[in-house]
Amino acid sequence: MAKKDPTDLSVEEKLKTLFQLQTALSSIDEKRALRGELPLEVEDLEAEIEGLTTRIERIKAEIDEFDRAISQKRGEIIESQNLVERYKQQLNDVRNNREYDTLSKEIEFQSLEIELCNKKIGEAQRRIEEKNVELDSAAAVLEEKQGDLDVKKSELDEIMDETRVEEERLREKAHELEAKIEPRLLTSFKRIRKNARNGLGIVYVQRDACGGCFNKIPPQRQLDIKMHKKIIVCEYCGRILIDPELAGVKLDKVGNVEKKTRKRSTTRKSASSKKVTDANDMA
C-alpha cells in the first residue's frame with residue numbers, strides 16, 4: 001500500500017496527528033522532568049572538575065618551572081665557586097697591584113653572584129611551598145567534586161535506566177507521527193512548542209477558553225474549531241486549537257454537575273421543610 005502524502009491529509013487528520021504527536025512529546029518531557037536538575041548539576045560538576053584539573057596541571061607546571069630555575073641557579077653557583085677558586089689561586093702569581101685588584105674584583109663579583117643565586121633559590125623554594133599548599137587544596141576540592149559527580153551520575157543513570165525504554169518507544173512514535181505531517185505545518189508546530197512555556201504547541205478548548213493561555217474564545221471561533229475545516233490558532237498565545245472530541249478528550253461538565261447538586265439540595269431542603277410543617281400540624 002502506497003504511503004499517503006502528508007499534504008493530502010484532511011485538516012481533521014492533520015489535527016489528530018498533531019495532537020498525538022503533542023501527547024508523545026509531552027510524555028517525553030515528563031520523563032525528562034523526572035531527572036530534574038540532575039543533568040545540569042552533572043554538567044556543572046564536570047565543568048568544575050575540568051577547571052580544577054586545568055588549575056592543578058598549571059600549578060604542577062609552575063612547580064616544575066621553579067625546580068628547573070633552582071637547578072639552573074645551583075649550576076651557576078658551582079660555576080661561580082670554581083671561578084672564585086681559580087681566581088684565588090691566580091692571586092698567588094700576580095706581578096703587580098693592577099692584576100691583584102682585577103682578580104679581587106672578579107672574586108667579589110662571583111661571590112655576589114653566589115649570594116644572588118642563593119637568594120633566588122630561597123625565593124623559588126618558598127614559592128614551591130606555596131604552590132604545594134595550593135596544589136593540595138585544589139586536589140582536595142577536586143576529590144570532593146569527583147565524589148559528588150559520581151553520586152549525581154549514579155542517580156541520573158538510575159533514573160535514565162528506568163525511563164530509557166519507554167522514552168525510546170515514545171521517540172520512535174513521535175518520529176513516525178512527524179513523518180505523517182507536512183513539513184511546513186510541522187515546522188510551525190515545533191516553533192510554537194519551543195516558544196511555549198509548558199511545551200504545548202496544540203491544545204484543546206476547555207470551558208470556552210484556550211487550553212494553553214486560558215483566554216476566552218469567541219463563540220464563532222469555537223464553531224470554526226468544531227467544523228475542522230482549517231487550522232485555527234489562539235489569537236492570544238498562538239497555539240493551535242483543536243476540538244476536545246477530535247482530540248479524544250472527555251471533559252467533565254462541571255456546570256451540569258453543579259446544577260444537579262443545587263437541584264438535589266433544594267429538593268432535600270423542601271422535603272425537610274415539609275416534614276417540619278407536618279410535625280407542627282400534628283402537634
# chains A, B, ... in the order shown; residues from 1 in each chain; ligands from 1
>>> residues_around(residues="region 179-194 of chain A", least_positions_apart="4", cutoff="10 Å", atoms="only C-alpha atoms", output="list in words")
Lys3, Lys4, Asp5, Pro6, Thr7, Asp8, Leu9, Glu13, Lys14, Leu15, Thr17, Leu18, Leu21, Gln22, Leu25, Ala174, His175, Asn198, Gly199, Leu200, Gly201, Ile202, Ile231, Cys237, Gly238, Arg239 and Ile240 of chain A
>>> closest_residue(among="A:Glu172, A:Asp161, A:Glu48, A:Glu85", to="Glu143 (chain A)", atoms="only C-alpha atoms")
A:Glu48
>>> select_by_dssp(residues="region 42-278 of chain A", states="strand (DSSP E or B)", output="list in words")
Ile202, Val203, Tyr204, Gln206, Ala209, Lys216, Ile232, Val233, Ile240, Leu241 and Ile242 of chain A
>>> write_last_selection(atoms="all heavy atoms", output="JSON list (two decimals), in the first residue's frame")
[["chain", "number", "residue", "atom", "x", "y", "z"],
["A", 202, "ILE", "N", -0.15, 22.46, 20.61],
["A", 202, "ILE", "CA", -1.55, 22.31, 20.24],
["A", 202, "ILE", "C", -2.35, 21.97, 21.50],
["A", 202, "ILE", "O", -1.92, 21.14, 22.30],
["A", 202, "ILE", "CB", -1.74, 21.21, 19.16],
["A", 202, "ILE", "CG1", -3.22, 21.08, 18.78],
["A", 202, "ILE", "CG2", -1.16, 19.89, 19.59],
["A", 202, "ILE", "CD1", -3.45, 20.20, 17.55],
["A", 203, "VAL", "N", -3.46, 22.65, 21.71],
["A", 203, "VAL", "CA", -4.27, 22.45, 22.92],
["A", 203, "VAL", "C", -5.74, 22.37, 22.54],
["A", 203, "VAL", "O", -6.16, 22.89, 21.50],
["A", 203, "VAL", "CB", -4.06, 23.61, 23.93],
["A", 203, "VAL", "CG1", -2.64, 23.61, 24.49],
["A", 203, "VAL", "CG2", -4.37, 24.96, 23.29],
["A", 204, "TYR", "N", -6.53, 21.70, 23.40],
["A", 204, "TYR", "CA", -7.96, 21.62, 23.14],
["A", 204, "TYR", "C", -8.70, 22.70, 23.93],
["A", 204, "TYR", "O", -8.19, 23.25, 24.92],
["A", 204, "TYR", "CB", -8.51, 20.23, 23.45],
["A", 204, "TYR", "CG", -8.21, 19.72, 24.84],
["A", 204, "TYR", "CD1", -9.01, 20.06, 25.93],
["A", 204, "TYR", "CD2", -7.11, 18.89, 25.06],
["A", 204, "TYR", "CE1", -8.73, 19.59, 27.19],
["A", 204, "TYR", "CE2", -6.82, 18.41, 26.32],
["A", 204, "TYR", "CZ", -7.63, 18.76, 27.39],
["A", 204, "TYR", "OH", -7.35, 18.30, 28.64],
["A", 206, "GLN", "N", -11.13, 24.31, 26.50],
["A", 206, "GLN", "CA", -11.64, 23.95, 27.82],
["A", 206, "GLN", "C", -12.49, 25.09, 28.36],
["A", 206, "GLN", "O", -12.02, 26.21, 28.47],
["A", 206, "GLN", "CB", -10.48, 23.70, 28.80],
["A", 206, "GLN", "CG", -9.54, 22.60, 28.38],
["A", 206, "GLN", "CD", -8.45, 22.39, 29.42],
["A", 206, "GLN", "OE1", -8.71, 22.26, 30.61],
["A", 206, "GLN", "NE2", -7.21, 22.35, 28.96],
["A", 209, "ALA", "N", -12.48, 28.27, 26.53],
["A", 209, "ALA", "CA", -11.23, 29.02, 26.58],
["A", 209, "ALA", "C", -10.09, 28.18, 26.01],
["A", 209, "ALA", "O", -10.19, 26.95, 25.89],
["A", 209, "ALA", "CB", -10.90, 29.43, 28.02],
["A", 216, "LYS", "N", -10.57, 33.50, 26.85],
["A", 216, "LYS", "CA", -11.85, 33.11, 26.26],
["A", 216, "LYS", "C", -11.79, 33.13, 24.73],
["A", 216, "LYS", "O", -11.17, 34.01, 24.14],
["A", 216, "LYS", "CB", -12.95, 34.06, 26.75],
["A", 216, "LYS", "CG", -13.38, 33.83, 28.19],
["A", 216, "LYS", "CD", -14.10, 32.50, 28.36],
["A", 216, "LYS", "CE", -14.56, 32.27, 29.79],
["A", 216, "LYS", "NZ", -15.20, 30.95, 29.95],
["A", 232, "ILE", "N", -6.75, 26.49, 13.09],
["A", 232, "ILE", "CA", -7.03, 27.75, 13.81],
["A", 232, "ILE", "C", -6.10, 27.85, 15.01],
["A", 232, "ILE", "O", -5.91, 26.89, 15.75],
["A", 232, "ILE", "CB", -8.50, 27.80, 14.26],
["A", 232, "ILE", "CG1", -9.42, 27.78, 13.03],
["A", 232, "ILE", "CG2", -8.77, 29.03, 15.13],
["A", 232, "ILE", "CD1", -10.88, 27.69, 13.35],
["A", 233, "VAL", "N", -5.50, 29.03, 15.19],
["A", 233, "VAL", "CA", -4.60, 29.26, 16.32],
["A", 233, "VAL", "C", -5.21, 30.27, 17.28],
["A", 233, "VAL", "O", -6.05, 31.09, 16.89],
["A", 233, "VAL", "CB", -3.21, 29.76, 15.84],
["A", 233, "VAL", "CG1", -2.54, 28.74, 14.96],
["A", 233, "VAL", "CG2", -3.32, 31.09, 15.12],
["A", 240, "ILE", "N", -2.00, 26.14, 18.43],
["A", 240, "ILE", "CA", -3.01, 25.55, 17.55],
["A", 240, "ILE", "C", -4.13, 25.02, 18.42],
["A", 240, "ILE", "O", -3.90, 24.39, 19.45],
["A", 240, "ILE", "CB", -2.39, 24.42, 16.70],
["A", 240, "ILE", "CG1", -1.27, 24.99, 15.81],
["A", 240, "ILE", "CG2", -3.45, 23.74, 15.84],
["A", 240, "ILE", "CD1", -0.43, 23.93, 15.12],
["A", 241, "LEU", "N", -5.37, 25.26, 18.00],
["A", 241, "LEU", "CA", -6.54, 24.86, 18.78],
["A", 241, "LEU", "C", -7.22, 23.65, 18.14],
["A", 241, "LEU", "O", -7.33, 23.56, 16.91],
["A", 241, "LEU", "CB", -7.54, 26.03, 18.89],
["A", 241, "LEU", "CG", -7.01, 27.26, 19.63],
["A", 241, "LEU", "CD1", -7.97, 28.44, 19.46],
["A", 241, "LEU", "CD2", -6.79, 26.97, 21.11],
["A", 242, "ILE", "N", -7.69, 22.73, 18.98],
["A", 242, "ILE", "CA", -8.37, 21.54, 18.50],
["A", 242, "ILE", "C", -9.60, 21.27, 19.36],
["A", 242, "ILE", "O", -9.62, 21.57, 20.55],
["A", 242, "ILE", "CB", -7.41, 20.31, 18.53],
["A", 242, "ILE", "CG1", -8.09, 19.08, 17.93],
["A", 242, "ILE", "CG2", -6.92, 20.03, 19.95],
["A", 242, "ILE", "CD1", -7.16, 17.89, 17.78]]
>>> select_by_dssp(residues="region 76-231 of chain A", states="alpha helix (DSSP H)", output="CSV table (one decimal) with N, CA and C atoms, in the first residue's frame")
chain,number,residue,atom,x,y,z
A,76,GLU,N,74.9,27.6,38.4
A,76,GLU,CA,75.6,28.9,38.3
A,76,GLU,C,76.4,29.0,39.5
A,77,ILE,N,76.0,28.6,40.7
A,77,ILE,CA,76.7,28.7,42.0
A,77,ILE,C,78.0,27.9,41.9
A,78,ILE,N,77.9,26.7,41.4
A,78,ILE,CA,79.0,25.8,41.2
A,78,ILE,C,80.1,26.4,40.3
A,79,GLU,N,79.5,27.0,39.2
A,79,GLU,CA,80.4,27.7,38.2
A,79,GLU,C,81.1,28.9,38.9
A,80,SER,N,80.4,29.7,39.6
A,80,SER,CA,81.0,30.8,40.3
A,80,SER,C,82.0,30.4,41.4
A,81,GLN,N,81.7,29.3,42.1
A,81,GLN,CA,82.6,28.8,43.1
A,81,GLN,C,83.9,28.4,42.5
A,82,ASN,N,83.8,27.7,41.3
A,82,ASN,CA,85.0,27.3,40.6
A,82,ASN,C,85.9,28.5,40.2
A,83,LEU,N,85.2,29.5,39.7
A,83,LEU,CA,85.9,30.7,39.3
A,83,LEU,C,86.6,31.4,40.4
A,84,VAL,N,85.9,31.4,41.6
A,84,VAL,CA,86.5,32.0,42.8
A,84,VAL,C,87.7,31.3,43.2
A,85,GLU,N,87.7,29.9,43.2
A,85,GLU,CA,88.8,29.1,43.5
A,85,GLU,C,90.0,29.4,42.5
A,86,ARG,N,89.7,29.5,41.2
A,86,ARG,CA,90.7,29.8,40.2
A,86,ARG,C,91.3,31.1,40.4
A,87,TYR,N,90.5,32.1,40.7
A,87,TYR,CA,91.0,33.5,40.9
A,87,TYR,C,91.8,33.6,42.1
A,88,LYS,N,91.5,32.8,43.2
A,88,LYS,CA,92.3,32.8,44.4
A,88,LYS,C,93.7,32.2,44.2
A,89,GLN,N,93.7,31.2,43.3
A,89,GLN,CA,95.0,30.6,43.0
A,89,GLN,C,95.8,31.6,42.2
A,90,GLN,N,95.2,32.3,41.3
A,90,GLN,CA,95.9,33.3,40.5
A,90,GLN,C,96.5,34.4,41.3
A,91,LEU,N,95.8,34.7,42.4
A,91,LEU,CA,96.3,35.8,43.3
A,91,LEU,C,97.8,35.5,43.8
A,97,ASN,N,100.0,45.4,41.3
A,97,ASN,CA,98.8,45.7,42.0
A,97,ASN,C,97.6,45.7,41.1
A,98,ARG,N,97.8,46.1,39.9
A,98,ARG,CA,96.7,46.1,38.9
A,98,ARG,C,96.1,44.7,38.7
A,99,GLU,N,96.9,43.7,38.6
A,99,GLU,CA,96.4,42.4,38.4
A,99,GLU,C,95.7,41.9,39.7
A,100,TYR,N,96.3,42.3,40.8
A,100,TYR,CA,95.7,41.9,42.1
A,100,TYR,C,94.3,42.5,42.3
A,101,ASP,N,94.1,43.8,41.9
A,101,ASP,CA,92.8,44.5,42.1
A,101,ASP,C,91.8,43.9,41.1
A,102,THR,N,92.2,43.5,39.9
A,102,THR,CA,91.3,42.9,38.9
A,102,THR,C,90.8,41.6,39.4
A,103,LEU,N,91.7,40.7,39.9
A,103,LEU,CA,91.3,39.4,40.4
A,103,LEU,C,90.5,39.6,41.7
A,104,SER,N,90.8,40.5,42.5
A,104,SER,CA,90.0,40.7,43.7
A,104,SER,C,88.6,41.1,43.4
A,105,LYS,N,88.4,42.0,42.4
A,105,LYS,CA,87.1,42.4,41.9
A,105,LYS,C,86.3,41.2,41.3
A,106,GLU,N,87.0,40.4,40.6
A,106,GLU,CA,86.3,39.2,40.0
A,106,GLU,C,85.9,38.2,41.1
A,107,ILE,N,86.7,38.1,42.1
A,107,ILE,CA,86.3,37.2,43.2
A,107,ILE,C,85.1,37.8,44.0
A,108,GLU,N,85.1,39.1,44.2
A,108,GLU,CA,84.0,39.8,44.8
A,108,GLU,C,82.7,39.7,44.0
A,109,PHE,N,82.9,39.9,42.7
A,109,PHE,CA,81.7,39.8,41.8
A,109,PHE,C,81.1,38.4,41.8
A,110,GLN,N,81.9,37.4,41.7
A,110,GLN,CA,81.5,36.0,41.7
A,110,GLN,C,80.8,35.6,43.1
A,111,SER,N,81.4,36.2,44.1
A,111,SER,CA,80.8,36.0,45.5
A,111,SER,C,79.4,36.6,45.6
A,112,LEU,N,79.2,37.8,45.0
A,112,LEU,CA,77.9,38.4,44.9
A,112,LEU,C,76.9,37.6,44.1
A,113,GLU,N,77.5,37.0,43.0
A,113,GLU,CA,76.6,36.2,42.1
A,113,GLU,C,76.1,34.9,42.9
A,114,ILE,N,77.0,34.4,43.7
A,114,ILE,CA,76.6,33.2,44.5
A,114,ILE,C,75.5,33.6,45.5
A,115,GLU,N,75.7,34.7,46.2
A,115,GLU,CA,74.7,35.2,47.1
A,115,GLU,C,73.4,35.5,46.4
A,116,LEU,N,73.4,36.1,45.2
A,116,LEU,CA,72.2,36.4,44.5
A,116,LEU,C,71.5,35.1,44.1
A,117,CYS,N,72.3,34.1,43.6
A,117,CYS,CA,71.7,32.8,43.2
A,117,CYS,C,71.1,32.1,44.4
A,118,ASN,N,71.8,32.2,45.6
A,118,ASN,CA,71.2,31.6,46.8
A,118,ASN,C,69.9,32.2,47.2
A,119,LYS,N,69.8,33.6,47.0
A,119,LYS,CA,68.6,34.3,47.4
A,119,LYS,C,67.5,33.9,46.4
A,120,LYS,N,67.8,33.8,45.1
A,120,LYS,CA,66.7,33.4,44.2
A,120,LYS,C,66.3,31.9,44.4
A,121,ILE,N,67.2,31.1,44.9
A,121,ILE,CA,66.9,29.7,45.2
A,121,ILE,C,65.9,29.7,46.4
A,122,GLY,N,66.2,30.5,47.4
A,122,GLY,CA,65.3,30.6,48.6
A,122,GLY,C,64.0,31.1,48.2
A,123,GLU,N,63.9,32.1,47.3
A,123,GLU,CA,62.6,32.6,46.9
A,123,GLU,C,61.8,31.5,46.1
A,124,ALA,N,62.5,30.8,45.3
A,124,ALA,CA,61.9,29.8,44.5
A,124,ALA,C,61.4,28.6,45.4
A,125,GLN,N,62.1,28.3,46.4
A,125,GLN,CA,61.7,27.3,47.3
A,125,GLN,C,60.5,27.7,48.1
A,126,ARG,N,60.4,29.0,48.5
A,126,ARG,CA,59.2,29.5,49.2
A,126,ARG,C,58.0,29.4,48.3
A,127,ARG,N,58.2,29.8,47.0
A,127,ARG,CA,57.1,29.7,46.0
A,127,ARG,C,56.7,28.3,45.8
A,128,ILE,N,57.6,27.4,45.8
A,128,ILE,CA,57.2,26.0,45.6
A,128,ILE,C,56.4,25.5,46.8
A,129,GLU,N,56.8,25.9,48.0
A,129,GLU,CA,56.0,25.6,49.2
A,129,GLU,C,54.6,26.1,49.1
A,130,GLU,N,54.4,27.4,48.7
A,130,GLU,CA,53.1,28.0,48.5
A,130,GLU,C,52.3,27.2,47.4
A,131,LYS,N,53.0,26.9,46.3
A,131,LYS,CA,52.3,26.2,45.3
A,131,LYS,C,51.9,24.8,45.7
A,132,ASN,N,52.7,24.1,46.5
A,132,ASN,CA,52.3,22.8,47.0
A,132,ASN,C,51.1,22.9,47.9
A,133,VAL,N,51.0,23.9,48.8
A,133,VAL,CA,49.8,24.2,49.6
A,133,VAL,C,48.6,24.4,48.7
A,134,GLU,N,48.8,25.2,47.7
A,134,GLU,CA,47.7,25.5,46.7
A,134,GLU,C,47.3,24.2,45.9
A,135,LEU,N,48.3,23.4,45.6
A,135,LEU,CA,48.1,22.1,44.9
A,135,LEU,C,47.3,21.2,45.8
A,136,ASP,N,47.6,21.1,47.1
A,136,ASP,CA,46.9,20.2,48.0
A,136,ASP,C,45.5,20.6,48.2
A,137,SER,N,45.3,21.9,48.3
A,137,SER,CA,43.9,22.4,48.4
A,137,SER,C,43.1,22.1,47.2
A,138,ALA,N,43.6,22.4,46.0
A,138,ALA,CA,42.9,22.1,44.7
A,138,ALA,C,42.6,20.6,44.6
A,139,ALA,N,43.6,19.8,45.0
A,139,ALA,CA,43.4,18.3,44.9
A,139,ALA,C,42.3,17.8,45.8
A,140,ALA,N,42.2,18.5,47.0
A,140,ALA,CA,41.2,18.1,48.0
A,140,ALA,C,39.8,18.5,47.4
A,141,VAL,N,39.7,19.7,46.8
A,141,VAL,CA,38.4,20.1,46.2
A,141,VAL,C,38.1,19.2,45.1
A,142,LEU,N,39.1,18.9,44.3
A,142,LEU,CA,38.8,18.0,43.1
A,142,LEU,C,38.3,16.7,43.5
A,143,GLU,N,38.9,16.1,44.6
A,143,GLU,CA,38.4,14.8,45.1
A,143,GLU,C,37.0,14.9,45.6
A,144,GLU,N,36.7,16.0,46.3
A,144,GLU,CA,35.3,16.2,46.8
A,144,GLU,C,34.3,16.3,45.6
A,145,LYS,N,34.7,17.1,44.6
A,145,LYS,CA,33.8,17.3,43.5
A,145,LYS,C,33.6,16.0,42.7
A,146,GLN,N,34.7,15.3,42.6
A,146,GLN,CA,34.6,14.0,41.9
A,146,GLN,C,33.7,13.0,42.6
A,147,GLY,N,33.7,13.1,43.9
A,147,GLY,CA,32.8,12.2,44.7
A,147,GLY,C,31.3,12.6,44.5
A,148,ASP,N,31.1,14.0,44.5
A,148,ASP,CA,29.7,14.5,44.2
A,148,ASP,C,29.3,14.1,42.8
A,149,LEU,N,30.2,14.2,41.8
A,149,LEU,CA,29.9,13.8,40.4
A,149,LEU,C,29.5,12.4,40.3
A,150,ASP,N,30.2,11.5,41.0
A,150,ASP,CA,30.0,10.1,40.9
A,150,ASP,C,28.6,9.8,41.5
A,151,VAL,N,28.2,10.5,42.6
A,151,VAL,CA,26.9,10.3,43.2
A,151,VAL,C,25.8,10.7,42.3
A,152,LYS,N,26.0,11.9,41.7
A,152,LYS,CA,25.0,12.5,40.8
A,152,LYS,C,24.8,11.7,39.5
A,153,LYS,N,25.9,11.2,39.0
A,153,LYS,CA,25.9,10.4,37.8
A,153,LYS,C,25.2,9.1,38.1
A,154,SER,N,25.4,8.5,39.3
A,154,SER,CA,24.8,7.3,39.6
A,154,SER,C,23.2,7.5,39.7
A,155,GLU,N,22.8,8.6,40.3
A,155,GLU,CA,21.4,8.9,40.4
A,155,GLU,C,20.8,9.1,39.1
A,156,LEU,N,21.5,9.8,38.2
A,156,LEU,CA,21.0,10.1,36.9
A,156,LEU,C,20.9,8.8,36.0
A,157,ASP,N,21.9,8.0,36.1
A,157,ASP,CA,21.9,6.7,35.4
A,157,ASP,C,20.8,5.8,35.8
A,158,GLU,N,20.5,5.8,37.1
A,158,GLU,CA,19.4,5.0,37.7
A,158,GLU,C,18.1,5.5,37.1
A,159,ILE,N,17.9,6.8,37.1
A,159,ILE,CA,16.6,7.3,36.6
A,159,ILE,C,16.5,7.1,35.1
A,160,MET,N,17.6,7.3,34.4
A,160,MET,CA,17.6,7.1,32.9
A,160,MET,C,17.3,5.6,32.6
A,161,ASP,N,17.9,4.7,33.4
A,161,ASP,CA,17.7,3.2,33.1
A,161,ASP,C,16.2,2.9,33.3
A,162,GLU,N,15.5,3.6,34.2
A,162,GLU,CA,14.1,3.3,34.5
A,162,GLU,C,13.2,3.8,33.3
A,163,THR,N,13.6,4.9,32.7
A,163,THR,CA,12.8,5.6,31.7
A,163,THR,C,13.3,5.4,30.3
A,164,ARG,N,14.5,4.8,30.1
A,164,ARG,CA,15.1,4.8,28.8
A,164,ARG,C,14.2,4.0,27.8
A,165,VAL,N,13.7,2.8,28.1
A,165,VAL,CA,13.0,2.0,27.2
A,165,VAL,C,11.7,2.7,26.8
A,166,GLU,N,11.0,3.3,27.8
A,166,GLU,CA,9.7,4.0,27.5
A,166,GLU,C,10.0,5.2,26.6
A,167,GLU,N,11.1,5.9,27.0
A,167,GLU,CA,11.4,7.2,26.2
A,167,GLU,C,11.8,6.9,24.8
A,168,GLU,N,12.5,5.8,24.6
A,168,GLU,CA,12.9,5.4,23.2
A,168,GLU,C,11.6,5.0,22.4
A,169,ARG,N,10.7,4.3,23.0
A,169,ARG,CA,9.4,4.0,22.4
A,169,ARG,C,8.7,5.2,22.0
A,170,LEU,N,8.6,6.2,22.9
A,170,LEU,CA,7.9,7.4,22.6
A,170,LEU,C,8.6,8.2,21.5
A,171,ARG,N,10.0,8.2,21.5
A,171,ARG,CA,10.7,8.9,20.4
A,171,ARG,C,10.4,8.3,19.0
A,172,GLU,N,10.4,6.9,19.0
A,172,GLU,CA,10.1,6.3,17.7
A,172,GLU,C,8.7,6.6,17.3
A,173,LYS,N,7.7,6.7,18.2
A,173,LYS,CA,6.4,7.0,17.9
A,173,LYS,C,6.3,8.4,17.4
A,174,ALA,N,7.0,9.4,18.1
A,174,ALA,CA,7.0,10.8,17.6
A,174,ALA,C,7.6,10.9,16.3
A,175,HIS,N,8.7,10.1,16.0
A,175,HIS,CA,9.3,10.2,14.7
A,175,HIS,C,8.4,9.7,13.6
A,176,GLU,N,7.6,8.7,13.9
A,176,GLU,CA,6.6,8.1,12.9
A,176,GLU,C,5.5,9.2,12.6
A,177,LEU,N,5.1,9.8,13.7
A,177,LEU,CA,4.0,10.8,13.5
A,177,LEU,C,4.5,12.1,12.8
A,178,GLU,N,5.7,12.4,13.0
A,178,GLU,CA,6.3,13.6,12.3
A,178,GLU,C,6.4,13.4,10.8
A,179,ALA,N,6.6,12.1,10.4
A,179,ALA,CA,6.7,11.8,9.0
A,179,ALA,C,5.3,11.9,8.3
A,183,PRO,N,5.9,19.2,6.2
A,183,PRO,CA,7.0,19.9,6.7
A,183,PRO,C,6.7,21.3,7.3
A,184,ARG,N,5.9,22.1,6.5
A,184,ARG,CA,5.6,23.5,6.9
A,184,ARG,C,4.8,23.5,8.2
A,185,LEU,N,3.8,22.6,8.3
A,185,LEU,CA,3.0,22.6,9.5
A,185,LEU,C,3.8,22.1,10.7
A,186,LEU,N,4.6,21.1,10.4
A,186,LEU,CA,5.5,20.6,11.5
A,186,LEU,C,6.4,21.6,12.0
A,187,THR,N,7.0,22.4,11.1
A,187,THR,CA,7.9,23.5,11.5
A,187,THR,C,7.2,24.5,12.3
A,188,SER,N,6.0,24.9,11.9
A,188,SER,CA,5.2,25.9,12.7
A,188,SER,C,4.9,25.3,14.1
A,189,PHE,N,4.5,24.0,14.1
A,189,PHE,CA,4.2,23.4,15.4
A,189,PHE,C,5.4,23.4,16.4
A,190,LYS,N,6.6,23.0,15.8
A,190,LYS,CA,7.8,23.0,16.6
A,190,LYS,C,8.2,24.4,17.1
A,191,ARG,N,8.0,25.4,16.3
A,191,ARG,CA,8.3,26.8,16.7
A,191,ARG,C,7.4,27.2,17.8
A,192,ILE,N,6.1,26.9,17.7
A,192,ILE,CA,5.1,27.3,18.7
A,192,ILE,C,5.4,26.5,20.0
A,193,ARG,N,5.7,25.3,19.9
A,193,ARG,CA,6.1,24.4,21.1
A,193,ARG,C,7.3,25.0,21.8
A,194,LYS,N,8.3,25.4,21.0
A,194,LYS,CA,9.6,25.9,21.6
A,194,LYS,C,9.3,27.2,22.4
A,195,ASN,N,8.5,28.0,21.8
A,195,ASN,CA,8.2,29.3,22.5
A,195,ASN,C,7.2,29.2,23.6
A,219,PRO,N,-17.6,32.6,20.5
A,219,PRO,CA,-18.4,31.5,20.0
A,219,PRO,C,-18.2,31.1,18.6
A,220,GLN,N,-18.1,32.2,17.7
A,220,GLN,CA,-18.0,31.9,16.3
A,220,GLN,C,-16.7,31.1,16.0
A,221,ARG,N,-15.6,31.5,16.7
A,221,ARG,CA,-14.3,30.8,16.6
A,221,ARG,C,-14.4,29.4,17.1
A,222,GLN,N,-15.2,29.2,18.1
A,222,GLN,CA,-15.3,27.8,18.7
A,222,GLN,C,-16.1,27.0,17.7
A,223,LEU,N,-17.0,27.6,17.0
A,223,LEU,CA,-17.8,26.8,16.0
A,223,LEU,C,-16.8,26.4,14.8
A,224,ASP,N,-16.0,27.4,14.4
A,224,ASP,CA,-15.0,27.1,13.4
A,224,ASP,C,-14.1,25.9,13.8
A,225,ILE,N,-13.7,25.9,15.0
A,225,ILE,CA,-12.8,24.8,15.5
A,225,ILE,C,-13.5,23.5,15.5
A,226,LYS,N,-14.8,23.5,15.8
A,226,LYS,CA,-15.6,22.2,15.8
A,226,LYS,C,-15.8,21.7,14.3
A,227,MET,N,-15.8,22.7,13.4
A,227,MET,CA,-16.0,22.3,12.0
A,227,MET,C,-14.8,21.5,11.3
>>> atom_distance(atom1="CA of Lys230 (chain A)", atom2="CA of Val11 (chain A)")
5.9 Å
